[in-house]
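Dropping input-v3.pdb in here (PDB, C-alpha atoms):
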```
MODEL        1
ATOM      1  CA  MET A   1      76.152 115.080 117.041
ATOM      2  CA  VAL A   2      77.729 115.761 120.448
ATOM      3  CA  GLN A   3      78.306 112.049 120.979
ATOM      4  CA  SER A   4      80.045 111.727 117.599
ATOM      5  CA  PHE A   5      82.229 114.735 118.358
ATOM      6  CA  ILE A   6      83.308 113.275 121.695
ATOM      7  CA  ILE A   7      84.006 109.806 120.254
ATOM      8  CA  TYR A   8      86.018 110.908 117.224
ATOM      9  CA  SER A   9      87.835 113.622 119.165
ATOM     10  CA  SER A  10      88.841 110.946 121.670
ATOM     11  CA  LEU A  11      90.031 108.782 118.799
ATOM     12  CA  PHE A  12      92.187 111.635 117.525
ATOM     13  CA  VAL A  13      93.651 112.225 121.002
ATOM     14  CA  VAL A  14      94.426 108.520 121.517
ATOM     15  CA  ILE A  15      96.180 108.170 118.152
ATOM     16  CA  SER A  16      98.210 111.352 118.675
ATOM     17  CA  PHE A  17      99.106 110.538 122.296
ATOM     18  CA  PHE A  18     100.279 106.990 121.647
ATOM     19  CA  GLY A  19     102.077 108.097 118.495
ATOM     20  CA  THR A  20     104.039 110.556 120.634
ATOM     21  CA  MET A  21     104.719 107.891 123.260
ATOM     22  CA  TYR A  22     105.948 105.487 120.575
ATOM     23  CA  TYR A  23     108.326 108.108 119.207
ATOM     24  CA  ARG A  24     109.699 108.882 122.671
ATOM     25  CA  ALA A  25     110.117 105.189 123.484
ATOM     26  CA  LYS A  26     112.140 104.720 120.311
ATOM     27  CA  LYS A  27     114.107 107.924 120.774
ATOM     28  CA  TYR A  28     115.114 107.261 124.378
ATOM     29  CA  HIS A  29     115.413 103.452 123.997
ATOM     30  CA  LYS A  30     112.804 102.653 126.653
ATOM     31  CA  GLY A  31     112.419  99.057 125.563
ATOM     32  CA  ASN A  32     110.734  97.230 122.737
ATOM     33  CA  GLY A  33     107.754  96.169 124.888
ATOM     34  CA  GLN A  34     106.617  99.711 125.664
ATOM     35  CA  SER A  35     107.038 100.877 122.091
ATOM     36  CA  GLU A  36     105.033  97.936 120.733
ATOM     37  CA  VAL A  37     102.161  98.663 123.130
ATOM     38  CA  CYS A  38     102.165 102.289 121.988
ATOM     39  CA  PHE A  39     102.153 101.123 118.377
ATOM     40  CA  TRP A  40      99.393  98.508 118.598
ATOM     41  CA  PHE A  41      96.957 100.112 121.051
ATOM     42  CA  PRO A  42      95.810 102.984 118.777
ATOM     43  CA  ILE A  43      95.491 100.539 115.869
ATOM     44  CA  LEU A  44      93.178  98.249 117.843
ATOM     45  CA  PHE A  45      91.312 101.201 119.381
ATOM     46  CA  PHE A  46      90.670 102.678 115.934
ATOM     47  CA  ALA A  47      89.483  99.315 114.579
ATOM     48  CA  VAL A  48      87.041  98.852 117.476
ATOM     49  CA  ILE A  49      85.571 102.363 117.291
ATOM     50  CA  ILE A  50      85.171 102.365 113.509
ATOM     51  CA  GLY A  51      83.861  98.802 113.561
ATOM     52  CA  LEU A  52      81.138  99.706 116.077
ATOM     53  CA  ARG A  53      79.923 102.790 114.212
ATOM     54  CA  TYR A  54      76.510 102.837 112.550
ATOM     55  CA  ASP A  55      75.436 104.836 109.500
ATOM     56  CA  VAL A  56      78.696 106.779 109.392
ATOM     57  CA  GLY A  57      79.751 106.770 105.766
ATOM     58  CA  THR A  58      77.802 106.833 102.523
ATOM     59  CA  ASP A  59      77.864 103.093 101.867
ATOM     60  CA  HIS A  60      77.801 101.803 105.427
ATOM     61  CA  VAL A  61      74.111 100.887 105.670
ATOM     62  CA  GLY A  62      74.216  99.458 102.150
ATOM     63  CA  TYR A  63      77.128  97.206 103.047
ATOM     64  CA  ILE A  64      75.291  96.100 106.204
ATOM     65  CA  HIS A  65      72.323  95.101 104.044
ATOM     66  CA  ASP A  66      74.638  93.232 101.657
ATOM     67  CA  TYR A  67      76.301  91.500 104.595
ATOM     68  CA  LEU A  68      73.031  90.407 106.206
ATOM     69  CA  TYR A  69      70.891  89.622 103.177
ATOM     70  CA  GLY A  70      73.298  89.113 100.288
ATOM     71  CA  THR A  71      73.661  91.107  97.079
ATOM     72  CA  ASN A  72      73.820  90.730  93.317
ATOM     73  CA  GLN A  73      76.634  93.268  93.135
ATOM     74  CA  GLN A  74      79.955  91.829  91.992
ATOM     75  CA  PHE A  75      82.551  92.911  94.545
ATOM     76  CA  GLU A  76      86.284  92.493  94.044
ATOM     77  CA  ILE A  77      87.585  89.084  95.068
ATOM     78  CA  GLY A  78      89.427  90.238  98.206
ATOM     79  CA  PHE A  79      86.523  92.246  99.584
ATOM     80  CA  ALA A  80      84.025  89.516  98.673
ATOM     81  CA  TRP A  81      86.183  86.818 100.281
ATOM     82  CA  LEU A  82      86.451  88.778 103.531
ATOM     83  CA  MET A  83      82.701  89.379 103.639
ATOM     84  CA  ASP A  84      81.886  85.734 102.863
ATOM     85  CA  THR A  85      84.391  84.478 105.452
ATOM     86  CA  CYS A  86      82.937  86.652 108.209
ATOM     87  CA  LYS A  87      79.428  85.565 107.242
ATOM     88  CA  SER A  88      80.421  81.887 107.259
ATOM     89  CA  TYR A  89      81.465  82.231 110.905
ATOM     90  CA  HIS A  90      78.199  84.083 111.678
ATOM     91  CA  LEU A  91      80.086  87.137 112.903
ATOM     92  CA  HIS A  92      78.229  90.349 113.653
ATOM     93  CA  PHE A  93      78.721  92.936 110.911
ATOM     94  CA  ALA A  94      80.683  95.084 113.384
ATOM     95  CA  TYR A  95      83.485  92.508 113.187
ATOM     96  CA  PHE A  96      83.518  92.792 109.402
ATOM     97  CA  PHE A  97      83.835  96.575 109.474
ATOM     98  CA  GLY A  98      86.307  96.356 112.341
ATOM     99  CA  ILE A  99      88.560  94.067 110.301
ATOM    100  CA  LEU A 100      88.405  96.473 107.357
ATOM    101  CA  ALA A 101      89.262  99.382 109.663
ATOM    102  CA  PHE A 102      92.116  97.329 111.127
ATOM    103  CA  ILE A 103      93.542  96.684 107.651
ATOM    104  CA  GLN A 104      93.337 100.395 106.840
ATOM    105  CA  ILE A 105      94.973 101.727 110.001
ATOM    106  CA  PHE A 106      97.528  98.887 110.200
ATOM    107  CA  CYS A 107      98.785  99.527 106.668
ATOM    108  CA  TYR A 108      98.772 103.285 107.299
ATOM    109  CA  TYR A 109     100.733 102.974 110.552
ATOM    110  CA  THR A 110     103.143 100.305 109.346
ATOM    111  CA  SER A 111     104.034 102.393 106.298
ATOM    112  CA  PHE A 112     105.583 104.984 108.635
ATOM    113  CA  LYS A 113     106.723 102.778 111.518
ATOM    114  CA  ARG A 114     110.411 103.161 110.694
ATOM    115  CA  GLN A 115     109.958 106.940 110.606
ATOM    116  CA  SER A 116     108.826 107.021 114.244
ATOM    117  CA  PHE A 117     109.059 110.814 114.400
ATOM    118  CA  LEU A 118     106.054 110.940 112.053
ATOM    119  CA  LEU A 119     103.717 108.842 114.200
ATOM    120  CA  PRO A 120     102.619 111.747 116.458
ATOM    121  CA  TYR A 121     101.331 113.477 113.316
ATOM    122  CA  LEU A 122      99.430 110.562 111.771
ATOM    123  CA  GLY A 123      96.298 111.322 113.787
ATOM    124  CA  LEU A 124      96.542 114.970 112.782
ATOM    125  CA  MET A 125      96.736 113.965 109.144
ATOM    126  CA  LEU A 126      93.751 111.642 109.483
ATOM    127  CA  PHE A 127      91.359 113.943 111.294
ATOM    128  CA  VAL A 128      92.312 117.530 110.466
ATOM    129  CA  SER A 129      92.312 116.753 106.744
ATOM    130  CA  ASN A 130      89.163 114.628 107.270
ATOM    131  CA  GLU A 131      90.921 111.716 105.567
ATOM    132  CA  TRP A 132      89.306 109.314 108.042
ATOM    133  CA  PHE A 133      85.917 110.264 106.597
ATOM    134  CA  PHE A 134      87.072 109.052 103.201
ATOM    135  CA  TRP A 135      88.029 105.784 104.887
ATOM    136  CA  VAL A 136      84.463 105.238 106.152
ATOM    137  CA  ASN A 137      82.825 106.532 102.953
ATOM    138  CA  GLY A 138      84.767 104.801 100.201
ATOM    139  CA  ILE A 139      85.545 101.694 102.237
ATOM    140  CA  ARG A 140      86.860  99.536  99.408
ATOM    141  CA  GLN A 141      88.794 102.354  97.754
ATOM    142  CA  ALA A 142      90.314 103.485 101.054
ATOM    143  CA  THR A 143      91.323  99.940 101.973
ATOM    144  CA  ALA A 144      92.986  99.508  98.580
ATOM    145  CA  MET A 145      94.751 102.850  98.998
ATOM    146  CA  CYS A 146      96.130 101.939 102.431
ATOM    147  CA  ILE A 147      97.392  98.569 101.177
ATOM    148  CA  TRP A 148      99.009 100.334  98.226
ATOM    149  CA  LEU A 149     100.676 102.733 100.662
ATOM    150  CA  LEU A 150     102.234  99.744 102.411
ATOM    151  CA  SER A 151     103.514  98.495  99.060
ATOM    152  CA  LEU A 152     105.425 101.781  98.746
ATOM    153  CA  GLU A 153     107.168 101.071 102.041
ATOM    154  CA  CYS A 154     108.163  97.668 100.649
ATOM    155  CA  PHE A 155     109.537  99.445  97.593
ATOM    156  CA  ASN A 156     111.482 101.818  99.801
ATOM    157  CA  ARG A 157     113.029  98.859 101.647
ATOM    158  CA  ARG A 158     113.740  97.146  98.309
ATOM    159  CA  LYS A 159     111.459  94.235  99.130
ATOM    160  CA  TYR A 160     110.095  94.080  95.605
ATOM    161  CA  VAL A 161     108.356  90.714  95.925
ATOM    162  CA  TRP A 162     106.274  92.008  98.832
ATOM    163  CA  MET A 163     105.682  95.216  96.893
ATOM    164  CA  VAL A 164     104.074  93.209  94.083
ATOM    165  CA  VAL A 165     102.091  91.126  96.588
ATOM    166  CA  PHE A 166     100.583  94.185  98.284
ATOM    167  CA  MET A 167     100.021  95.892  94.948
ATOM    168  CA  ALA A 168      98.009  92.870  93.771
ATOM    169  CA  LEU A 169      96.192  92.675  97.112
ATOM    170  CA  ALA A 170      95.125  96.315  96.774
ATOM    171  CA  ILE A 171      93.531  95.525  93.414
ATOM    172  CA  THR A 172      91.520  92.695  95.015
ATOM    173  CA  PHE A 173      89.802  95.277  97.238
ATOM    174  CA  HIS A 174      89.114  97.788  94.485
ATOM    175  CA  LYS A 175      89.984  97.379  90.830
ATOM    176  CA  SER A 176      90.674 101.089  90.385
ATOM    177  CA  ALA A 177      93.970 100.463  92.217
ATOM    178  CA  VAL A 178      95.314  99.111  88.916
ATOM    179  CA  ILE A 179      95.667 102.751  87.846
ATOM    180  CA  LEU A 180      98.321 103.218  90.539
ATOM    181  CA  VAL A 181     100.583 100.661  88.844
ATOM    182  CA  VAL A 182     101.742 103.370  86.420
ATOM    183  CA  LEU A 183     103.310 105.272  89.336
ATOM    184  CA  TYR A 184     105.877 102.587  90.151
ATOM    185  CA  PRO A 185     108.254 103.396  87.254
ATOM    186  CA  LEU A 186     108.404 106.966  88.565
ATOM    187  CA  LEU A 187     109.452 105.687  91.984
ATOM    188  CA  PHE A 188     112.394 103.743  90.565
ATOM    189  CA  LEU A 189     113.948 107.041  89.470
ATOM    190  CA  ARG A 190     114.020 108.055  93.169
ATOM    191  CA  LYS A 191     113.600 111.710  92.329
ATOM    192  CA  ASP A 192     111.798 114.534  94.125
ATOM    193  CA  TYR A 193     109.348 115.688  91.464
ATOM    194  CA  PHE A 194     107.944 118.539  93.555
ATOM    195  CA  SER A 195     111.004 120.308  94.908
ATOM    196  CA  ASN A 196     110.090 123.621  93.287
ATOM    197  CA  ILE A 197     107.416 125.597  95.156
ATOM    198  CA  LYS A 198     106.555 127.647  92.068
ATOM    199  CA  VAL A 199     105.812 124.496  90.079
ATOM    200  CA  GLN A 200     103.579 123.232  92.891
ATOM    201  CA  MET A 201     101.712 126.542  92.997
ATOM    202  CA  ILE A 202     101.216 126.511  89.229
ATOM    203  CA  ILE A 203      99.750 123.003  89.401
ATOM    204  CA  PHE A 204      97.568 123.941  92.389
ATOM    205  CA  ILE A 205      96.159 127.073  90.724
ATOM    206  CA  SER A 206      95.769 125.336  87.356
ATOM    207  CA  VAL A 207      93.393 122.815  88.908
ATOM    208  CA  PHE A 208      90.946 125.598  89.827
ATOM    209  CA  VAL A 209      91.313 127.376  86.489
ATOM    210  CA  VAL A 210      90.730 124.194  84.505
ATOM    211  CA  ARG A 211      87.801 123.191  86.680
ATOM    212  CA  MET A 212      86.054 126.542  86.245
ATOM    213  CA  SER A 213      86.812 126.986  82.547
ATOM    214  CA  LEU A 214      86.015 123.428  81.491
ATOM    215  CA  GLU A 215      82.966 122.776  83.643
ATOM    216  CA  SER A 216      80.656 122.996  80.628
ATOM    217  CA  VAL A 217      82.958 120.674  78.674
ATOM    218  CA  PHE A 218      82.893 118.109  81.474
ATOM    219  CA  LEU A 219      79.103 118.148  81.390
ATOM    220  CA  LYS A 220      79.171 117.353  77.660
ATOM    221  CA  ILE A 221      81.576 114.434  78.049
ATOM    222  CA  GLU A 222      79.913 113.185  81.241
ATOM    223  CA  PRO A 223      78.547 110.063  79.468
ATOM    224  CA  LEU A 224      82.106 109.123  78.437
ATOM    225  CA  ILE A 225      83.383 109.712  81.965
ATOM    226  CA  SER A 226      80.520 107.645  83.358
ATOM    227  CA  PHE A 227      81.384 104.770  81.010
ATOM    228  CA  TYR A 228      84.985 104.532  82.197
ATOM    229  CA  ALA A 229      83.949 105.174  85.804
ATOM    230  CA  MET A 230      81.661 102.155  85.541
ATOM    231  CA  LYS A 231      84.543 100.028  84.224
ATOM    232  CA  ILE A 232      86.687 100.728  87.290
ATOM    233  CA  GLY A 233      83.846 100.627  89.810
ATOM    234  CA  TYR A 234      83.366 104.345  90.440
ATOM    235  CA  ASP A 235      80.013 104.828  88.719
ATOM    236  CA  SER A 236      77.941 104.877  91.911
ATOM    237  CA  TYR A 237      80.265 107.455  93.472
ATOM    238  CA  LEU A 238      80.196 109.617  90.362
ATOM    239  CA  ASN A 239      76.401 109.638  90.332
ATOM    240  CA  ARG A 240      76.327 110.404  94.036
ATOM    241  CA  ASP A 241      78.764 113.304  93.638
ATOM    242  CA  LEU A 242      76.855 114.765  90.701
ATOM    243  CA  PHE A 243      73.618 114.559  92.680
ATOM    244  CA  SER A 244      75.246 116.102  95.754
ATOM    245  CA  ASP A 245      76.662 118.969  93.703
ATOM    246  CA  SER A 246      73.268 119.672  92.164
ATOM    247  CA  ILE A 247      71.473 119.976  95.503
ATOM    248  CA  SER A 248      74.307 121.324  97.632
ATOM    249  CA  GLY A 249      73.592 124.586  99.358
ATOM    250  CA  GLY A 250      76.536 124.554 101.741
ATOM    251  CA  SER A 251      78.882 127.445 102.376
ATOM    252  CA  GLY A 252      81.919 125.563 101.086
ATOM    253  CA  ILE A 253      83.839 126.276 104.298
ATOM    254  CA  PHE A 254      85.189 122.736 104.463
ATOM    255  CA  ASP A 255      86.538 122.915 100.895
ATOM    256  CA  ILE A 256      88.180 126.230 101.727
ATOM    257  CA  TRP A 257      89.710 124.677 104.860
ATOM    258  CA  LYS A 258      91.156 121.729 102.920
ATOM    259  CA  ASN A 259      92.559 123.997 100.229
ATOM    260  CA  LEU A 260      94.160 126.236 102.854
ATOM    261  CA  ILE A 261      95.862 123.174 104.336
ATOM    262  CA  ASN A 262      97.136 122.142 100.899
ATOM    263  CA  LEU A 263      98.304 125.676 100.197
ATOM    264  CA  SER A 264     100.117 125.855 103.543
ATOM    265  CA  ILE A 265     101.859 122.546 102.832
ATOM    266  CA  ILE A 266     103.036 123.819  99.448
ATOM    267  CA  LEU A 267     104.324 127.135 100.786
ATOM    268  CA  CYS A 268     106.103 125.467 103.705
ATOM    269  CA  SER A 269     107.215 122.351 101.807
ATOM    270  CA  THR A 270     110.920 123.237 101.855
ATOM    271  CA  LYS A 271     110.935 123.818 105.612
ATOM    272  CA  MET A 272     108.843 120.698 106.193
ATOM    273  CA  LYS A 273     111.302 118.560 104.224
ATOM    274  CA  MET A 274     114.166 119.978 106.263
ATOM    275  CA  TYR A 275     112.350 119.443 109.570
ATOM    276  CA  PHE A 276     111.185 115.935 108.675
ATOM    277  CA  ASN A 277     114.568 115.035 107.263
ATOM    278  CA  ASP A 278     113.954 111.580 105.876
ATOM    279  CA  LYS A 279     114.381 110.677 102.216
ATOM    280  CA  LYS A 280     111.720 107.975 102.228
ATOM    281  CA  PHE A 281     111.571 107.609  98.462
ATOM    282  CA  ILE A 282     114.754 109.434  97.454
ATOM    283  CA  THR A 283     117.877 107.400  98.262
TER
ENDMDL
END
```
Please go through the file and, once you have read it, give me the structure as structure tokens.
Amino acid sequence: MVQSFIIYSSLFVVISFFGTMYYRAKKYHKGNGQSEVCFWFPILFFAVIIGLRYDVGTDHVGYIHDYLYGTNQQFEIGFAWLMDTCKSYHLHFAYFFGILAFIQIFCYYTSFKRQSFLLPYLGLMLFVSNEWFFWVNGIRQATAMCIWLLSLECFNRRKYVWMVVFMALAITFHKSAVILVVLYPLLFLRKDYFSNIKVQMIIFISVFVVRMSLESVFLKIEPLISFYAMKIGYDSYLNRDLFSDSISGGSGIFDIWKNLINLSIILCSTKMKMYFNDKKFIT
């Protein structure tokens, strides 16, 4: 436990420190060489640390078994190709997970590279919100999400061919990414859909009200949900979550912490948009 705390705290510090150094190098024009070192070092450091982990993440040991001994499970073509390629070169499984971690952090970082003032906060976003834990738990989903995030940067730069390429690539890592295709028409309108704090609060509160009031309904339609979850590859995660909820005896402090962060973002959204004055998707 102490070892994990030290390692992942160090990872957070490295990402935040080099993100700050990258921003300063760009701001004060200290040369392209220094800025590129500050950009690439945390990416490689993250990939190495996450690649060398063991039994961190729900599916990690299962994927190790699949990597070493094979599996009957039908993975998406991109994920399966990467696994088979690493196996064909007889690489240790740490390389396989390191490459996946590299894809995740590279896409995440590159999506905000032009907004260099955001890089010091990327580590904060990853670790304070515990987003990194999703990356090591839902490996295929997280990889698809990060690739999809990069496709949004291509959209923002009007590189639509590359946008389609990365969108398709995301689907090859997890087929549920096809759901995200419906969001692209909304992006073409280049409109801020959440400019009103009251609307955001209504949506935020409604989620809790609906969840509490319809919990019994969800239990009744659980077979239907399971059917569609199986079609998009989420059935194992749904079963795991249902099992975890049934045996959970935790205090719920982490859920409260995450909701407080979300609530703070909503309440301060206007000031945050003014401070981080960059219309990434509204031009």
Residue nearest Gln200 of chain A - candidates A:Leu187, A:Ile147, A:Met163, A:Cys268, atoms counted: only C-alpha atoms: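 Closest residue, counting only C-alpha atoms: A:Cys268.
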Which one of A:Phe204, A:Phe134, A:Phe5, A:Phe39 sits closest to Leu122 of chain A if you count all atoms listed in the file?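 Distance minimum relative to Leu122 of chain A lands on A:Phe39.
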Which residues, written as a list in words, have at least one atom at most 12 Å from Tyr69 of chain A, with all atoms listed in the file counted and residues fewer than 5 positions away on the same chain left out?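 Contacts, in chain order: Val61, Gly62, Tyr63, Ile64, Met83, Asp84, Lys87 and Phe93 of chain A.
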Separating atom CA of Asn259 of chain A from atom CA of Pro120 of chain A, to the nearest tenth of an Å, is a gap of 22.7 Å
Hits of the PyMOL selection byres ((chain A and resi 172-175) around 8) in this structure, as JSON, numbers by chain: {"A": [76, 77, 78, 79, 140, 141, 143, 144, 168, 169, 170, 171, 176, 177, 178, 232, 233]}
Could you list, as a ChimeraX atom specification, every residue matched by the PyMOL selection byres ((chain A and resi 57) around 10) in this structure? /A:53-56,58-62,133-139
Write out as a PyMOL selection string each polymer residue whose atoms come within 9 Å of Ile99 of chain A, counting only C-alpha atoms; drop sequence neighbours fewer than 4 positions from it. chain A and resi 47-48+51+82+94-95+103-104
Deliver the residues from the most recent selection as a file, using C-alpha atoms, as a short mmCIF file (atom, residue, chain, number, x, y, z; two decimals), in the coordinates of the input.
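Just written: selection.cif:
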```
data_model
loop_
_atom_site.label_atom_id
_atom_site.label_comp_id
_atom_site.auth_asym_id
_atom_site.auth_seq_id
_atom_site.Cartn_x
_atom_site.Cartn_y
_atom_site.Cartn_z
CA ALA A 47 89.48 99.32 114.58
CA VAL A 48 87.04 98.85 117.48
CA GLY A 51 83.86 98.80 113.56
CA LEU A 82 86.45 88.78 103.53
CA ALA A 94 80.68 95.08 113.38
CA TYR A 95 83.48 92.51 113.19
CA ILE A 103 93.54 96.68 107.65
CA GLN A 104 93.34 100.40 106.84
#
```
Using all atoms listed in the file, tabulate the residues of segment 37-150 of chain A lying at most 6 Å from any atom of segment 19-29 of chain A, each with its closest atom pair and that distance in Å to one decimal, by chain and increasing residue number, as CSV.
```
residue,atom,partner,partner_atom,distance
A:Cys38,CA,A:Tyr22,CA,5.2
A:Ser116,CA,A:Tyr23,CA,5.1
A:Phe117,CA,A:Tyr23,CA,5.6
A:Leu119,CA,A:Gly19,CA,4.7
A:Pro120,CA,A:Gly19,CA,4.2
```
Restricting it to C-alpha atoms, dump the selection as a compact mmCIF listing (two decimals), in the frame of the given file.
```txt
# COMPACT_ATOMS: atom_id res chain seq x y z
CA CYS A 38 102.16 102.29 121.99
CA SER A 116 108.83 107.02 114.24
CA PHE A 117 109.06 110.81 114.40
CA LEU A 119 103.72 108.84 114.20
CA PRO A 120 102.62 111.75 116.46
```
Val128 of chain A: which residues within 10 Å, counting only C-alpha atoms, same-chain residues fewer than 5 positions away excluded, as a list in words?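 My reading of the contact set: Phe12, Gly123, Trp257, Lys258 and Ile261 of chain A.
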How many Å lie between atom CA of Val165 of chain A and atom CA of Ser151 of chain A, rounded to one decimal? 7.9 Å
What does the distance from atom CA of Met125 of chain A to atom CA of Asn196 of chain A come to in Å, to one decimal?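 If I compute the distance from atom CA of Met125 of chain A to atom CA of Asn196 of chain A, I get 22.9 Å.
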Between A:Tyr67, A:Phe208, A:Tyr108, A:Phe18, which has the minimum distance to Leu91 of chain A (counting all atoms listed in the file)?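 Smallest separation from Leu91 of chain A among the options: A:Tyr67.
The closest residue to Lys113 of chain A, picked from A:Asp255, A:Asp192, A:Asp66, A:Glu153 and counting all atoms listed in the file, is A:Glu153.
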Identify which of the residues A:Ala101, A:Val164, A:Val182, A:Ile43 lies closest to Cys146 of chain A, counting only C-alpha atoms when measuring atom-to-atom distances.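 Under the stated criterion, the closest residue is A:Ala101.
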With distances taken over all atoms listed in the file, which residue among A:Gln3, A:Ser195, A:Ser213, A:Gln115 lies nearest Lys271 of chain A?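 When distances to Lys271 of chain A are compared using all atoms listed in the file, the smallest one comes from A:Ser195.
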